[in-house]
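Below is one structure, written out as structure tokens; the observations come after it.
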Amino acid sequence: DRALRLLIGRQEIFRTTFHLHDFDEPMKVVHPRIKQGHQVEDLSALPAGEQARAIERYRAGDLRRKFTFDGELLWRLRIFHLGGDLCCAVWSWHHAIVDGWSNVTFWTEINELCARPDLQEIPSLPPLASSYRDYLAITLGRRRAVATESFWRETLAGAGRNCLPFQRAATRETPAYGMRVLERRLGRELLAGLREQAHTAGTSLQAVCLTAHVH
């Protein structure tokens with residue numbers, strides 16, 4: 001609980017509510033603090049099989065709960081205590097606030113904080129170099145800047161889409177609910193080319209892959 005509160009205190013996106021209908025225009029509101037955004041359920045008295053079924057029932061119901069963008073947080077976290085130091089966490093979030101890399105970063109930071117013997121004595125985490133509030137201000141400014149749009153239209157004129165190394169239709173999964181993880185190994189030559197592209201552009205391999213995904 002302490003590790004989660006510390007991260008929420010530093011990451012404004014987890015304190016942001018989205019409002020589509022409450023104002024004259026769609027609005028994001030960054031709150032200085034929020035009420036407890038997670039729930040803890042004790043399953044330690046149940047056998048392992050019943051624990052797994054209880055978690056699956058919650059997961060199935062949670063996947064059918066849609067985010068409404070009517071002043072709610074766009075994430076939910078339920079922590080199941082299984083006994084001793086063993087827990088299972090089910091974290092649901094909207095892609096508007098978290099992506100795959102952010103998810104990994106979140107849990108890495110949670111685990112690192114939980115491993116610290118002085119966790120309960122940490123008053124707060126160091127602030128980020130840039131905040132979500134800064135991002136919103138930049139985004140709104142760009143949206144209203146005609147010069148910015150003209151610049152990118154001119155810069156990207158004639159640019160075409162890159163072909164990924166596999167067919168999208170051949171790897172698409174359509175389960176009844178939720179999503180599955182698909183893994184594809186990249187050949188050494190392709191990986192070396194991506195790294196060279198990142199080096200040439202002065203950016204990271206992660207940024208190059210994300211650009212290809214978005215494009």
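If you're wondering about the labels, chains in the structure tokens are A, B, ... by order shown, residues count from 1 in each chain, ligands from 1 in order shown.
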
Go through chain A and collect every residue that DSSP, computed from the backbone, puts in helix (DSSP H, G or I); the answer should be as a PyMOL selection string. chain A and resi 2-10+12-15+48-63+100-114+119-121+132-144+146-155+168-171+188-201+205-214

Which residues come within 10 Å of A:Phe69, counting only C-alpha atoms, excluding same-chain residues fewer than 2 positions away, as a ChimeraX atom specification? /A:17-21,26-28,66-67,71-74

Shell of 10 Å around A:Ala48, only C-alpha atoms, local chain residues under 5 positions omitted, as an MDAnalysis selection string: chainID A and resid 43 53:54 82:83

How many Å lie between atom CA of A:His31 and atom CA of A:Glu12, rounded to one decimal?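 Atom CA of A:Glu12 lies 7.7 Å from atom CA of A:His31.
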
Any idea what's packed within 7 Å of stretch 181-198 of chain A, counting only C-alpha atoms, ignoring anything in its chain fewer than 6 positions away? Could you give it as a list in words?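 Listing them by chain and then by number gives Ser204, Leu205 and Val208 of chain A.
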
Identify all residues of stretch 6-152 of chain A in strand (DSSP E) (DSSP on the backbone) and supply them as an NGL selection string. :A and (16-19 or 27-30 or 38-42 or 70-73 or 75-83 or 86-93)

Residue neighbourhood A:Trp101, 10 Å, only C-alpha atoms, exclusion window fewer than 5 positions, as a PyMOL selection string: chain A and resi 106+206+210

Would you mind exporting N, CA, C and O atoms of the selected residues as a PDB file, in the first residue's frame?
```
ATOM      1  N   PHE A 106       5.986   0.555 -14.285  1.00  0.00           N
ATOM      2  CA  PHE A 106       5.198   0.669 -13.062  1.00  0.00           C
ATOM      3  C   PHE A 106       5.513  -0.477 -12.104  1.00  0.00           C
ATOM      4  O   PHE A 106       5.818  -0.272 -10.927  1.00  0.00           O
ATOM      5  N   GLN A 206      13.631   1.649 -28.361  1.00  0.00           N
ATOM      6  CA  GLN A 206      12.231   1.656 -27.933  1.00  0.00           C
ATOM      7  C   GLN A 206      11.423   2.697 -28.699  1.00  0.00           C
ATOM      8  O   GLN A 206      10.311   2.429 -29.163  1.00  0.00           O
ATOM      9  N   LEU A 210       8.255   2.058 -31.161  1.00  0.00           N
ATOM     10  CA  LEU A 210       6.973   2.703 -30.870  1.00  0.00           C
ATOM     11  C   LEU A 210       6.501   3.529 -32.065  1.00  0.00           C
ATOM     12  O   LEU A 210       5.309   3.542 -32.401  1.00  0.00           O
TER      13      LEU A 210
END
```

Figure out the distance between atom CA of A:Thr16 and atom CA of A:Thr108, please, to one decimal in Å.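 Atom CA of A:Thr16 lies at a distance of 21.5 Å from atom CA of A:Thr108.
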
Please identify all polymer residues within 12 Å of stretch 35-41 of chain A, counting only C-alpha atoms, omitting same-chain residues fewer than 4 positions from it, and present them as number ranges by chain. A: 1-2, 4-5, 8-9, 14-16, 31, 45-46, 51, 54-55, 58, 72-83, 87-93

Resulting file, chosen residues, N, CA and C atoms, as a compact mmCIF listing (two decimals), in the first residue's frame:
```txt
# COMPACT_ATOMS: atom_id res chain seq x y z
N ASP A 1 0.84 -1.19 0.00
CA ASP A 1 0.00 0.00 0.00
C ASP A 1 0.88 1.26 0.00
N ARG A 2 1.94 1.25 0.78
CA ARG A 2 2.81 2.42 0.86
C ARG A 2 3.52 2.67 -0.47
N LEU A 4 2.53 1.85 -3.46
CA LEU A 4 1.56 2.35 -4.44
C LEU A 4 1.25 3.82 -4.21
N ARG A 5 1.09 4.21 -2.95
CA ARG A 5 0.79 5.61 -2.65
C ARG A 5 1.95 6.52 -3.04
N ILE A 8 1.77 6.91 -6.86
CA ILE A 8 0.64 7.77 -7.23
C ILE A 8 0.97 9.22 -6.93
N GLY A 9 1.68 9.45 -5.83
CA GLY A 9 2.07 10.81 -5.49
C GLY A 9 3.00 11.43 -6.50
N PHE A 14 -1.89 8.98 -12.68
CA PHE A 14 -2.73 8.11 -11.84
C PHE A 14 -3.65 8.92 -10.94
N ARG A 15 -3.52 10.24 -10.98
CA ARG A 15 -4.43 11.12 -10.23
C ARG A 15 -5.27 11.97 -11.18
N THR A 16 -5.36 11.54 -12.42
CA THR A 16 -6.06 12.31 -13.44
C THR A 16 -7.41 11.68 -13.78
N HIS A 31 -5.63 15.85 -10.11
CA HIS A 31 -5.96 16.11 -8.72
C HIS A 31 -4.71 16.06 -7.85
N ALA A 45 -7.59 -17.88 3.43
CA ALA A 45 -8.26 -19.01 4.08
C ALA A 45 -8.74 -20.06 3.08
N LEU A 46 -8.66 -19.77 1.79
CA LEU A 46 -9.18 -20.68 0.77
C LEU A 46 -8.08 -21.60 0.24
N GLN A 51 -8.87 -20.22 -4.67
CA GLN A 51 -8.25 -18.91 -4.85
C GLN A 51 -8.17 -18.57 -6.34
N ALA A 54 -11.61 -17.76 -7.73
CA ALA A 54 -12.09 -16.46 -7.27
C ALA A 54 -11.44 -15.33 -8.05
N ILE A 55 -10.15 -15.46 -8.30
CA ILE A 55 -9.42 -14.44 -9.06
C ILE A 55 -9.92 -14.41 -10.50
N TYR A 58 -13.28 -12.64 -10.71
CA TYR A 58 -13.12 -11.19 -10.65
C TYR A 58 -12.58 -10.67 -11.98
N GLU A 72 -14.03 9.51 -13.83
CA GLU A 72 -13.44 8.40 -13.09
C GLU A 72 -11.95 8.29 -13.39
N LEU A 73 -11.23 7.62 -12.51
CA LEU A 73 -9.86 7.26 -12.81
C LEU A 73 -9.87 6.16 -13.87
N LEU A 74 -8.89 6.18 -14.74
CA LEU A 74 -8.86 5.19 -15.82
C LEU A 74 -7.98 4.00 -15.46
N TRP A 75 -8.04 3.60 -14.20
CA TRP A 75 -7.34 2.39 -13.77
C TRP A 75 -8.02 1.82 -12.54
N ARG A 76 -7.92 0.50 -12.39
CA ARG A 76 -8.44 -0.20 -11.23
C ARG A 76 -7.41 -1.25 -10.81
N LEU A 77 -7.25 -1.42 -9.51
CA LEU A 77 -6.29 -2.39 -9.00
C LEU A 77 -6.92 -3.18 -7.86
N ARG A 78 -6.95 -4.50 -8.01
CA ARG A 78 -7.43 -5.38 -6.94
C ARG A 78 -6.26 -6.30 -6.56
N ILE A 79 -5.92 -6.30 -5.28
CA ILE A 79 -4.83 -7.13 -4.77
C ILE A 79 -5.43 -8.25 -3.94
N PHE A 80 -5.10 -9.47 -4.30
CA PHE A 80 -5.58 -10.65 -3.59
C PHE A 80 -4.47 -11.20 -2.70
N HIS A 81 -4.73 -11.27 -1.40
CA HIS A 81 -3.76 -11.85 -0.47
C HIS A 81 -3.97 -13.34 -0.43
N LEU A 82 -2.95 -14.10 -0.81
CA LEU A 82 -3.07 -15.55 -0.93
C LEU A 82 -2.50 -16.31 0.27
N GLY A 83 -1.83 -15.59 1.16
CA GLY A 83 -1.24 -16.23 2.32
C GLY A 83 0.23 -15.89 2.45
N CYS A 87 0.94 -12.60 -2.94
CA CYS A 87 -0.22 -11.84 -3.38
C CYS A 87 -0.37 -11.97 -4.90
N CYS A 88 -1.56 -11.70 -5.38
CA CYS A 88 -1.84 -11.64 -6.81
C CYS A 88 -2.51 -10.31 -7.09
N ALA A 89 -1.99 -9.55 -8.04
CA ALA A 89 -2.53 -8.24 -8.38
C ALA A 89 -3.17 -8.28 -9.76
N VAL A 90 -4.37 -7.74 -9.86
CA VAL A 90 -5.05 -7.60 -11.16
C VAL A 90 -5.22 -6.10 -11.39
N TRP A 91 -4.47 -5.59 -12.36
CA TRP A 91 -4.46 -4.15 -12.64
C TRP A 91 -5.09 -3.91 -14.01
N SER A 92 -6.16 -3.15 -14.05
CA SER A 92 -6.83 -2.80 -15.30
C SER A 92 -6.63 -1.32 -15.57
N TRP A 93 -6.28 -0.99 -16.80
CA TRP A 93 -6.07 0.42 -17.14
C TRP A 93 -6.43 0.65 -18.60
```

What does the structure give for the distance between atom CA of A:Arg116 and atom CA of A:His94, in Å to one decimal? 29.3 Å

Which polymer residues have any atom within 9 Å of an atom of stretch 117-134 of chain A, counting only C-alpha atoms, with same-chain residues fewer than 6 positions away left out, as a ChimeraX atom specification? /A:2-3,6-7,9-13,30

For the selection just defined, write its residues with C-alpha atoms to a file, as a PDB file, in the first residue's frame.
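Dumped to result-v3.pdb:
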```pdb
ATOM      1  CA  ARG A   2       2.815   2.421   0.862  1.00  0.00           C
ATOM      2  CA  ALA A   3       4.709   1.742  -2.381  1.00  0.00           C
ATOM      3  CA  LEU A   6       4.329   6.856  -3.257  1.00  0.00           C
ATOM      4  CA  LEU A   7       4.070   6.146  -6.990  1.00  0.00           C
ATOM      5  CA  GLY A   9       2.069  10.808  -5.487  1.00  0.00           C
ATOM      6  CA  ARG A  10       4.802  11.151  -8.116  1.00  0.00           C
ATOM      7  CA  GLN A  11       2.876  10.064 -11.237  1.00  0.00           C
ATOM      8  CA  GLU A  12       0.147  12.621 -11.954  1.00  0.00           C
ATOM      9  CA  ILE A  13      -1.460  10.419 -14.609  1.00  0.00           C
ATOM     10  CA  VAL A  30      -5.115  16.417 -12.416  1.00  0.00           C
TER      11      VAL A  30
END
```
